[in-house]
Amino acid sequence: MKLVFKNIEKDGSGSIALIPEESEDMWHAYNLIAEGDSVTASTVRKVQIESSTGSSSSNRVRTTLTISVETIDFDTQACVLRLKGRNIVENQYVKMGAYHTLDLELNRKFALHKPLWDSVALERVEMACDPAASADVAAVVMQEGLAHVCLITPSMTLVRSKIDVNIPRKRKGFVQQHEKGLNKFYDAVMQGILRHIDFSIVKCVILASPGFVKDQFFDYMIQQAIKTDNKLLLENKSKFLLVKASSGFKHSLKEVLQEPSVLNKISDTKAASEVKLLESFYTMLQLEPAKAFYGKKHIERANEAMAIETLMISDKLFRCQDIQKRKEYVSIVDSSRENGSDVRIFSSMHVSGEQLDQLTGIAAILRFPMPELEDSDGDDSDAESD
Amino acid sequence: MARHRNVRNRNYSDDYDYDDVYGHSVEEDSCLSPSDTAQWMYDRSRNQQAISNFLDNHNDIQEEAEELPEPSVRTLDRRESMDLRGLNLNEEDEAKLMSCLDELRNVLGDTIPENILVQSVLTHKFNYNKALDEILNNKSKDEGKCKPQPAIQVPTVLIEPIKAPILTTGDKTPKVIATKIEPNKVAVIKGFKIEDENIKSCPQTPRDQSPANRERTPSRLEQADENKVIIKIKENKSDPNTQFLNERGSDKDHLYIVVIGHVDAGKSTLMGRILCELGEVSQRTLHKYEQESKKIGKQSFMYAWVLDETGEERVRGITMDVGRAQFETKTKKVIILDAPGHADFIPNMITGAGQADVALLVVDATRGEFESGFELGGQTREHALLVRSLGVNQLAVAVNKLDTTNWSQERFDEITKKLKAFLKQAGFKDSDVTFVPCSGLTGENLVKNSTEPELLKWYSGPSLLEVIDKFNVPQRLVSKPLRLSINDIFKGTGSGFCVAGRIENGVINKGDKVLVCPTKEMAEVRSLSINDLVSNVAFAGDQVSVTLSGVEMQNVSIGYILSDPIQQVPVTSRFEARLVVFNVKVPITKGFPVLIHHQSLVESANIIKIKALLNKSTGEVLKKKPRCLGNNSVAVVDIEVCRPICIERYKDVKELGRVMLRVAGVTIAAGLVTDIFTT
Ligand SMILES: Nc1nc2c(ncn2[C@@H]2O[C@H](COP(=O)(O)OP(=O)(O)O)[C@@H](O)[C@H]2O)c(=O)[nH]1
Ligand SMILES: [Mg+2]
């Protein structure tokens, strides 16, 4: 993301203009824009022009709209961010107060005005504009009959293709059906890779599976590549990395991201470090339960006691429509930082972030045990997540 | 019967009276009056091909006992002789033959032995109509001639030769759900539409297509004593128990055994050896395996090759998916499911165990090997816990490879002692577990009592086969509504496609309408086969292949259920379960992502709520809404599956009310479904 300008008043209100450059930036924008903010961006509208003779023609014109955002939709597949709201700056084509939809576009500037830029939002801008552009990693988790072709960017894990094929089991005298089914499946996975992985960007393709599926698949793919003289695959053969995973379900990416051989290969480790952090939370919960808590109520109390060593919080909580709630979470982040805690904002688009979301979205490892919390009712944690 | 007990919480003293069941002999079960026997003979002949000689043999065994598996060898031979390869047809002719056979079967059902069909198709040069005429003419002649069994073929002759489309599911493209991750709603809706059409064009009740109602379409072949037959069939229909008794009463009980244990314990070898000794594997085949395994330097796996059939398995020397085979003992027809022992293939092992009545645990007695399989993380433990949680409670333990310890009693006792303690803890009753010393490779103490002097010094107990013969067969719940859980989908030799699976409850008849769930599409049962033998009916407990029509092959998935269309299996994505947590590395919290294994289904799911922590033995609530669940705890949780599945409350259908939870390749908990939420 490119920062064009930044204008923030003392009271925290102000505007920032940004140019999204890659699809990941749409995710950042999605996390930045909240209901009630106003967004200015150019868009194409169809306008009816009535000539003096009364005949009308319709024309497409590019115009700049400013809307007060009411709804925000993020299409994770296409990485498209769609904003809806009332127009608040009249121009020659659009009336004041009319409802309009704005699709943010790659490489086109948009300006965002917020009544309050809080620390979490400013941090997001900084993160988004970090030029250390990261090469993406692709991962294919698979088991017999099931595969997910995923792209892992610093803050998103995108399932590009899910392959779900029935493979007949081995049965007496019908072994060929099994083997044929298996080849069909491998073929589909291979097509998924060719279609969805851009080898000019992707530095490393992880193939992960239980048993020998990954090895068999890799052999098959290379054989096919030789047969069909597929240069793309043959040239990028060395980018493939085979590791173990317990299944072909998306969640086994968590295991993949903990493999040392994978960590060596990928430069950006946000996804991996989040997995590791959440793991250490669970380990703490096992070994010293009084030092690991989740749920807003418990975390707030731990924070008051300045006990938080590491705070894990999902960015989903900051996209919450309730401004009051968002404020509360921002203040937990701010004050625990002041107290010297390590604060990690998890991306809810990664597997570990998804899990944290299910675990109320907020969890912490403490510096010292707080057994009194264990006894107190964690009741609110249920209410929150529902 | 034993299989259906709630284990965790049970008080052994109020459990079923063991001796009651034990003393219940097969002869009593099959005690039939002469007239019943006649009836039964009729039914059997409906179901089997070339039955008369089979039947004779069968009766012989019942009386003569001792000499074992003659008939099964014969059936095998018979089938082999029908193998189309024997006909030396070229590919095109074979295909023609297949499609003719299919059409003939559509008209004739399975009343005519296949070899006759093949014969007439060949003599008429693949002309279906001529062949059909010949067969029908011959048949009515036959019936004219042999008075004693006039009704045999009548009820299953369909009069209108409905031409079924041949193999329309030949769609070569695999089912690829690209990009969209949500379950494909469109497909489901399409399914409903198809169902609507079906309902309009087909009779309303599922039974209408069943043999019971055939009398509505009078057959030109009908004979005077047909009435009697139909009345009898009606009775069968109205009471599945009677039908079961008639069909199976004097047949040997079917028993499904899953063979479990750590990788390389010798499971496949043991089973391969038993099959060879019982004559289920021809000398020629065995010789072939010996040669071929030698060629790739795996001669020690020659017996295992009987069960490890795929190239991959043979090259690697490990079982990857469940292998199946069958043999007979004195009182039972035994179907073995040879499970893979390697940790990576536990999902397949769970599928196998889900179909089993009892289990055979194989352990390697070699020094150091038993220990590594039994350690934490070894499959001896995980497998035993899994089968127990899947409802198996009778267990035979083969203490295998004792040849490597020179048949040391000390070693046998050491292993027995360690396992006993563990198995007890896992919930097996002492009296339900039998230990047998043996060697799969040398064949000692498998089929016959051992002649090994070192072993005879201290062992005079039963051979493995005798132990298997003494297992109790669980009661088959034939009168409950149909539930068949699908564990395999494949193209059969004929038209349509086949699903294979175990009937958990109820009865399935050829011609029945069944509901494919959770998609709720109506399908028709075109044909049935049990352990590769064509049949007109199959009962709870059977592992069957069902040829379906009316649904598309790609709309059916492993883990789906064929359900009674009226009393349907519940479909939900949210349910409540009582979990028993195993040894876990990290505690379970809400939001914990897991894979749930439910019969053959594996689906990702989430524990969305931990409702209460319970006392292990009393079931009393210790803590409401605990923060997390640690080792060996018992709790009530809510689970959400990422898409709707078919599931039952444990109290309604036990087999469909159990789930296993796995994370990162480790089984972390077993659960019983206590409530189902409508979603
Ligand atoms: N000495 C000895 N070796 C055996 C015996 N049973 C199996 N084996 C060997 O153990 C290895 C593994 O056997 P296999 O049947 O594939 O084990 P599975 O993984 O449990 O199915 C093979 O090399 C067998 O030859 C036995 O009774 N004695
Ligand atoms: Mg094996």
# chains A, B, ... in the order shown; residues from 1 in each chain; ligands from 1

$ closest_atom_pairs --of "chain A" --to "chain B" --cutoff "9 Å" --atoms "only C-alpha atoms" --output "JSON lines"
{"residue": "A:Gln77", "atom": "CA", "partner": "B:Thr179", "partner_atom": "CA", "distance": 7.2}
{"residue": "A:Val159", "atom": "CA", "partner": "B:Thr179", "partner_atom": "CA", "distance": 7.2}
{"residue": "A:Arg160", "atom": "CA", "partner": "B:Thr179", "partner_atom": "CA", "distance": 5.4}
{"residue": "A:Ser161", "atom": "CA", "partner": "B:Thr179", "partner_atom": "CA", "distance": 4.5}
{"residue": "A:Lys162", "atom": "CA", "partner": "B:Ala178", "partner_atom": "CA", "distance": 5.4}
{"residue": "A:Ile163", "atom": "CA", "partner": "B:Val176", "partner_atom": "CA", "distance": 5.1}
{"residue": "A:Asp164", "atom": "CA", "partner": "B:Val176", "partner_atom": "CA", "distance": 5.8}
{"residue": "A:Val165", "atom": "CA", "partner": "B:Lys175", "partner_atom": "CA", "distance": 5.2}
{"residue": "A:Asn166", "atom": "CA", "partner": "B:Ser557", "partner_atom": "CA", "distance": 6.7}
{"residue": "A:Ile167", "atom": "CA", "partner": "B:Ile489", "partner_atom": "CA", "distance": 7.6}
{"residue": "A:Pro168", "atom": "CA", "partner": "B:Phe490", "partner_atom": "CA", "distance": 5.2}
{"residue": "A:Arg169", "atom": "CA", "partner": "B:Asp488", "partner_atom": "CA", "distance": 6.1}
{"residue": "A:Lys170", "atom": "CA", "partner": "B:Asp321", "partner_atom": "CA", "distance": 7.0}
{"residue": "A:Arg171", "atom": "CA", "partner": "B:Gly323", "partner_atom": "CA", "distance": 7.3}
{"residue": "A:Lys172", "atom": "CA", "partner": "B:Arg324", "partner_atom": "CA", "distance": 7.6}
{"residue": "A:Gly173", "atom": "CA", "partner": "B:Glu309", "partner_atom": "CA", "distance": 8.6}
{"residue": "A:Val175", "atom": "CA", "partner": "B:Thr310", "partner_atom": "CA", "distance": 6.1}
{"residue": "A:Gln176", "atom": "CA", "partner": "B:Thr310", "partner_atom": "CA", "distance": 8.5}
{"residue": "A:Gln177", "atom": "CA", "partner": "B:Phe490", "partner_atom": "CA", "distance": 7.6}
{"residue": "A:His178", "atom": "CA", "partner": "B:Thr310", "partner_atom": "CA", "distance": 8.5}
{"residue": "A:Glu179", "atom": "CA", "partner": "B:Thr310", "partner_atom": "CA", "distance": 8.1}
{"residue": "A:Gly181", "atom": "CA", "partner": "B:Pro174", "partner_atom": "CA", "distance": 8.5}
{"residue": "A:Lys184", "atom": "CA", "partner": "B:Pro174", "partner_atom": "CA", "distance": 6.6}
{"residue": "A:Phe185", "atom": "CA", "partner": "B:Pro174", "partner_atom": "CA", "distance": 7.1}
{"residue": "A:Ala188", "atom": "CA", "partner": "B:Val176", "partner_atom": "CA", "distance": 7.2}
{"residue": "A:Gly192", "atom": "CA", "partner": "B:Ala178", "partner_atom": "CA", "distance": 8.2}
{"residue": "A:Pro210", "atom": "CA", "partner": "B:Asp344", "partner_atom": "CA", "distance": 5.5}
{"residue": "A:Gly211", "atom": "CA", "partner": "B:Asp344", "partner_atom": "CA", "distance": 5.4}
{"residue": "A:Ala245", "atom": "CA", "partner": "B:Ala664", "partner_atom": "CA", "distance": 7.4}
{"residue": "A:Ser246", "atom": "CA", "partner": "B:Gly665", "partner_atom": "CA", "distance": 4.8}
{"residue": "A:Ser247", "atom": "CA", "partner": "B:Gly665", "partner_atom": "CA", "distance": 7.4}
{"residue": "A:Phe249", "atom": "CA", "partner": "B:Ser604", "partner_atom": "CA", "distance": 7.1}
{"residue": "A:Lys250", "atom": "CA", "partner": "B:Ser604", "partner_atom": "CA", "distance": 8.7}
{"residue": "A:His251", "atom": "CA", "partner": "B:Pro593", "partner_atom": "CA", "distance": 7.6}
{"residue": "A:Ser252", "atom": "CA", "partner": "B:Ala664", "partner_atom": "CA", "distance": 6.7}
{"residue": "A:Lys254", "atom": "CA", "partner": "B:Ala664", "partner_atom": "CA", "distance": 8.9}
{"residue": "A:Glu255", "atom": "CA", "partner": "B:Ala664", "partner_atom": "CA", "distance": 7.1}
{"residue": "A:Glu279", "atom": "CA", "partner": "B:Val586", "partner_atom": "CA", "distance": 8.5}
{"residue": "A:Tyr282", "atom": "CA", "partner": "B:Val586", "partner_atom": "CA", "distance": 5.7}
{"residue": "A:Thr283", "atom": "CA", "partner": "B:Val586", "partner_atom": "CA", "distance": 5.7}
{"residue": "A:Met284", "atom": "CA", "partner": "B:Val586", "partner_atom": "CA", "distance": 8.5}
{"residue": "A:Leu285", "atom": "CA", "partner": "B:Pro587", "partner_atom": "CA", "distance": 6.9}
{"residue": "A:Gln286", "atom": "CA", "partner": "B:Val586", "partner_atom": "CA", "distance": 5.5}
{"residue": "A:Leu287", "atom": "CA", "partner": "B:Val586", "partner_atom": "CA", "distance": 8.6}
{"residue": "A:Phe293", "atom": "CA", "partner": "B:Arg627", "partner_atom": "CA", "distance": 8.4}
{"residue": "A:Tyr294", "atom": "CA", "partner": "B:Arg627", "partner_atom": "CA", "distance": 8.4}
{"residue": "A:Glu354", "atom": "CA", "partner": "B:Gly591", "partner_atom": "CA", "distance": 8.8}
{"residue": "A:Gln355", "atom": "CA", "partner": "B:Gly591", "partner_atom": "CA", "distance": 5.9}
{"residue": "A:Leu356", "atom": "CA", "partner": "B:Gly591", "partner_atom": "CA", "distance": 7.4}
{"residue": "A:Asp357", "atom": "CA", "partner": "B:Gly591", "partner_atom": "CA", "distance": 7.6}
{"residue": "A:Gln358", "atom": "CA", "partner": "B:Gly591", "partner_atom": "CA", "distance": 4.2}
{"residue": "A:Leu359", "atom": "CA", "partner": "B:Gly591", "partner_atom": "CA", "distance": 4.9}
{"residue": "A:Thr360", "atom": "CA", "partner": "B:Gly591", "partner_atom": "CA", "distance": 8.1}
{"residue": "A:Glu374", "atom": "CA", "partner": "B:Arg627", "partner_atom": "CA", "distance": 8.2}
{"residue": "A:Asp377", "atom": "CA", "partner": "B:Lys625", "partner_atom": "CA", "distance": 8.8}
{"residue": "A:Gly378", "atom": "CA", "partner": "B:Arg627", "partner_atom": "CA", "distance": 7.5}
{"residue": "A:Asp379", "atom": "CA", "partner": "B:Lys625", "partner_atom": "CA", "distance": 7.5}
{"residue": "A:Asp382", "atom": "CA", "partner": "B:Lys609", "partner_atom": "CA", "distance": 7.9}

$ residues_near_ligand --ligand "ligand 1" --cutoff "7 Å" --atoms "only C-alpha atoms and all ligand atoms" --output "JSON, numbers by chain"
{"B": [261, 262, 263, 264, 265, 266, 267, 268, 269, 270, 300, 301, 304, 317, 318, 319, 340, 341, 400, 401, 402, 403, 404, 438, 439, 440, 441, 442]}

$ residues_around --residues "Phe370 of chain B" --least-positions-apart "5" --cutoff "9 Å" --atoms "only C-alpha atoms" --output "PDB file with N, CA, C and O atoms, in the first residue's frame"
ATOM      1  N   HIS B 262      -0.213 -52.433  16.028  1.00  0.00           N
ATOM      2  CA  HIS B 262       0.861 -51.575  15.561  1.00  0.00           C
ATOM      3  C   HIS B 262       1.374 -52.038  14.184  1.00  0.00           C
ATOM      4  O   HIS B 262       1.273 -53.211  13.855  1.00  0.00           O
ATOM      5  N   ALA B 265       3.153 -55.574  13.137  1.00  0.00           N
ATOM      6  CA  ALA B 265       2.905 -56.594  14.161  1.00  0.00           C
ATOM      7  C   ALA B 265       2.670 -57.943  13.496  1.00  0.00           C
ATOM      8  O   ALA B 265       2.759 -58.989  14.138  1.00  0.00           O
ATOM      9  N   VAL B 363      -0.206 -58.388  18.478  1.00  0.00           N
ATOM     10  CA  VAL B 363       0.993 -57.726  19.000  1.00  0.00           C
ATOM     11  C   VAL B 363       2.215 -58.561  18.656  1.00  0.00           C
ATOM     12  O   VAL B 363       2.158 -59.785  18.568  1.00  0.00           O
ATOM     13  N   ASP B 364       3.300 -57.874  18.429  1.00  0.00           N
ATOM     14  CA  ASP B 364       4.567 -58.498  18.066  1.00  0.00           C
ATOM     15  C   ASP B 364       5.320 -58.839  19.354  1.00  0.00           C
ATOM     16  O   ASP B 364       5.653 -57.945  20.129  1.00  0.00           O
ATOM     17  N   ALA B 365       5.545 -60.118  19.580  1.00  0.00           N
ATOM     18  CA  ALA B 365       6.163 -60.528  20.846  1.00  0.00           C
ATOM     19  C   ALA B 365       7.674 -60.340  20.859  1.00  0.00           C
ATOM     20  O   ALA B 365       8.300 -60.452  21.903  1.00  0.00           O
ATOM     21  N   GLU B 375       4.126 -48.407  23.632  1.00  0.00           N
ATOM     22  CA  GLU B 375       4.437 -47.102  24.210  1.00  0.00           C
ATOM     23  C   GLU B 375       3.355 -46.079  23.869  1.00  0.00           C
ATOM     24  O   GLU B 375       2.592 -46.270  22.935  1.00  0.00           O
ATOM     25  N   THR B 380      -0.710 -49.814  19.233  1.00  0.00           N
ATOM     26  CA  THR B 380      -1.392 -50.834  20.016  1.00  0.00           C
ATOM     27  C   THR B 380      -2.412 -50.175  20.940  1.00  0.00           C
ATOM     28  O   THR B 380      -3.573 -50.568  21.004  1.00  0.00           O
ATOM     29  N   ILE B 415       3.807 -60.129  28.379  1.00  0.00           N
ATOM     30  CA  ILE B 415       2.970 -59.320  27.481  1.00  0.00           C
ATOM     31  C   ILE B 415       1.512 -59.358  27.914  1.00  0.00           C
ATOM     32  O   ILE B 415       0.818 -58.343  27.971  1.00  0.00           O
TER      33      ILE B 415
END

$ residues_around --residues "Gly85 of chain A" --least-positions-apart "6" --cutoff "10 Å" --atoms "only C-alpha atoms" --output "VMD selection string"
chain A and resid 35 to 39 66 to 72 97 to 102

$ residues_around --residues "segment 349-351 of chain B" --least-positions-apart "2" --cutoff "6 Å" --atoms "only C-alpha atoms" --output "JSON list (two decimals) with C-alpha atoms, in the first residue's frame"
[["chain", "number", "residue", "atom", "x", "y", "z"],
["B", 339, "ALA", "CA", -6.68, -52.54, 9.20],
["B", 340, "PRO", "CA", -3.58, -50.52, 8.44],
["B", 346, "ILE", "CA", -5.85, -44.35, 11.23],
["B", 347, "PRO", "CA", -8.78, -42.76, 9.39],
["B", 353, "ALA", "CA", -13.50, -50.71, 12.93],
["B", 354, "GLY", "CA", -16.84, -49.03, 12.37],
["B", 599, "GLN", "CA", -18.42, -43.95, 10.61],
["B", 600, "SER", "CA", -16.52, -43.36, 7.37]]

$ decode --residues "segment 207-242 of chain A" --atoms "N, CA and C atoms" --output "mmCIF file, in the first residue's frame"
data_model
loop_
_atom_site.group_PDB
_atom_site.id
_atom_site.type_symbol
_atom_site.label_atom_id
_atom_site.label_comp_id
_atom_site.auth_asym_id
_atom_site.auth_seq_id
_atom_site.Cartn_x
_atom_site.Cartn_y
_atom_site.Cartn_z
ATOM 1 N N LEU A 207 3.989 -28.913 -0.336
ATOM 2 C CA LEU A 207 3.055 -30.032 -0.505
ATOM 3 C C LEU A 207 3.036 -30.785 0.813
ATOM 4 N N ALA A 208 1.870 -30.869 1.428
ATOM 5 C CA ALA A 208 1.817 -31.499 2.744
ATOM 6 C C ALA A 208 0.722 -32.542 2.791
ATOM 7 N N SER A 209 1.013 -33.682 3.378
ATOM 8 C CA SER A 209 0.008 -34.741 3.483
ATOM 9 C C SER A 209 0.445 -35.766 4.511
ATOM 10 N N PRO A 210 -0.515 -36.597 4.947
ATOM 11 C CA PRO A 210 -0.108 -37.764 5.731
ATOM 12 C C PRO A 210 0.407 -38.836 4.762
ATOM 13 N N GLY A 211 1.158 -39.755 5.279
ATOM 14 C CA GLY A 211 1.588 -40.900 4.479
ATOM 15 C C GLY A 211 2.373 -40.496 3.249
ATOM 16 N N PHE A 212 2.108 -41.199 2.160
ATOM 17 C CA PHE A 212 2.920 -41.011 0.965
ATOM 18 C C PHE A 212 2.207 -40.214 -0.105
ATOM 19 N N VAL A 213 1.052 -39.656 0.231
ATOM 20 C CA VAL A 213 0.273 -38.971 -0.791
ATOM 21 C C VAL A 213 1.095 -37.873 -1.460
ATOM 22 N N LYS A 214 1.800 -37.094 -0.645
ATOM 23 C CA LYS A 214 2.561 -35.989 -1.208
ATOM 24 C C LYS A 214 3.661 -36.477 -2.150
ATOM 25 N N ASP A 215 4.343 -37.544 -1.761
ATOM 26 C CA ASP A 215 5.411 -38.067 -2.597
ATOM 27 C C ASP A 215 4.862 -38.627 -3.899
ATOM 28 N N GLN A 216 3.771 -39.401 -3.749
ATOM 29 C CA GLN A 216 3.151 -39.975 -4.934
ATOM 30 C C GLN A 216 2.675 -38.876 -5.870
ATOM 31 N N PHE A 217 2.058 -37.870 -5.269
ATOM 32 C CA PHE A 217 1.553 -36.781 -6.094
ATOM 33 C C PHE A 217 2.689 -36.055 -6.803
ATOM 34 N N PHE A 218 3.726 -35.786 -6.060
ATOM 35 C CA PHE A 218 4.843 -35.050 -6.652
ATOM 36 C C PHE A 218 5.443 -35.844 -7.824
ATOM 37 N N ASP A 219 5.621 -37.138 -7.619
ATOM 38 C CA ASP A 219 6.130 -37.981 -8.708
ATOM 39 C C ASP A 219 5.210 -37.912 -9.922
ATOM 40 N N TYR A 220 3.924 -38.032 -9.607
ATOM 41 C CA TYR A 220 2.948 -38.003 -10.695
ATOM 42 C C TYR A 220 3.045 -36.700 -11.463
ATOM 43 N N MET A 221 3.109 -35.607 -10.722
ATOM 44 C CA MET A 221 3.108 -34.288 -11.354
ATOM 45 C C MET A 221 4.344 -34.111 -12.239
ATOM 46 N N ILE A 222 5.470 -34.517 -11.718
ATOM 47 C CA ILE A 222 6.697 -34.340 -12.499
ATOM 48 C C ILE A 222 6.656 -35.228 -13.742
ATOM 49 N N GLN A 223 6.167 -36.443 -13.555
ATOM 50 C CA GLN A 223 6.034 -37.329 -14.722
ATOM 51 C C GLN A 223 5.152 -36.725 -15.786
ATOM 52 N N GLN A 224 4.014 -36.193 -15.327
ATOM 53 C CA GLN A 224 3.089 -35.558 -16.280
ATOM 54 C C GLN A 224 3.754 -34.363 -16.943
ATOM 55 N N ALA A 225 4.499 -33.615 -16.154
ATOM 56 C CA ALA A 225 5.151 -32.424 -16.689
ATOM 57 C C ALA A 225 6.145 -32.818 -17.777
ATOM 58 N N ILE A 226 6.841 -33.922 -17.532
ATOM 59 C CA ILE A 226 7.806 -34.382 -18.537
ATOM 60 C C ILE A 226 7.051 -34.842 -19.786
ATOM 61 N N LYS A 227 5.999 -35.591 -19.536
ATOM 62 C CA LYS A 227 5.208 -36.121 -20.642
ATOM 63 C C LYS A 227 4.665 -35.001 -21.529
ATOM 64 N N THR A 228 4.119 -33.982 -20.869
ATOM 65 C CA THR A 228 3.469 -32.917 -21.643
ATOM 66 C C THR A 228 4.426 -31.752 -21.888
ATOM 67 N N ASP A 229 5.653 -31.949 -21.514
ATOM 68 C CA ASP A 229 6.664 -30.909 -21.682
ATOM 69 C C ASP A 229 6.219 -29.585 -21.063
ATOM 70 N N ASN A 230 5.798 -29.661 -19.828
ATOM 71 C CA ASN A 230 5.339 -28.466 -19.139
ATOM 72 C C ASN A 230 6.540 -27.768 -18.500
ATOM 73 N N LYS A 231 7.032 -26.774 -19.208
ATOM 74 C CA LYS A 231 8.265 -26.097 -18.778
ATOM 75 C C LYS A 231 8.082 -25.414 -17.427
ATOM 76 N N LEU A 232 6.911 -24.812 -17.276
ATOM 77 C CA LEU A 232 6.646 -24.061 -16.055
ATOM 78 C C LEU A 232 6.917 -24.913 -14.816
ATOM 79 N N LEU A 233 6.342 -26.118 -14.816
ATOM 80 C CA LEU A 233 6.517 -26.981 -13.659
ATOM 81 C C LEU A 233 7.955 -27.472 -13.546
ATOM 82 N N LEU A 234 8.530 -27.832 -14.677
ATOM 83 C CA LEU A 234 9.886 -28.381 -14.621
ATOM 84 C C LEU A 234 10.886 -27.335 -14.140
ATOM 85 N N GLU A 235 10.697 -26.099 -14.600
ATOM 86 C CA GLU A 235 11.623 -25.048 -14.181
ATOM 87 C C GLU A 235 11.472 -24.719 -12.693
ATOM 88 N N ASN A 236 10.269 -24.896 -12.194
ATOM 89 C CA ASN A 236 10.035 -24.524 -10.800
ATOM 90 C C ASN A 236 10.061 -25.716 -9.851
ATOM 91 N N LYS A 237 10.545 -26.817 -10.349
ATOM 92 C CA LYS A 237 10.547 -28.045 -9.565
ATOM 93 C C LYS A 237 11.185 -27.841 -8.188
ATOM 94 N N SER A 238 12.239 -27.038 -8.163
ATOM 95 C CA SER A 238 12.964 -26.886 -6.904
ATOM 96 C C SER A 238 12.195 -26.050 -5.880
ATOM 97 N N LYS A 239 11.129 -25.403 -6.326
ATOM 98 C CA LYS A 239 10.346 -24.606 -5.372
ATOM 99 C C LYS A 239 9.451 -25.467 -4.493
ATOM 100 N N PHE A 240 9.283 -26.730 -4.886
ATOM 101 C CA PHE A 240 8.372 -27.585 -4.126
ATOM 102 C C PHE A 240 9.060 -28.125 -2.883
ATOM 103 N N LEU A 241 8.303 -28.133 -1.802
ATOM 104 C CA LEU A 241 8.838 -28.590 -0.531
ATOM 105 C C LEU A 241 7.825 -29.574 0.051
ATOM 106 N N LEU A 242 8.277 -30.789 0.310
ATOM 107 C CA LEU A 242 7.345 -31.819 0.783
ATOM 108 C C LEU A 242 7.447 -31.979 2.299
#
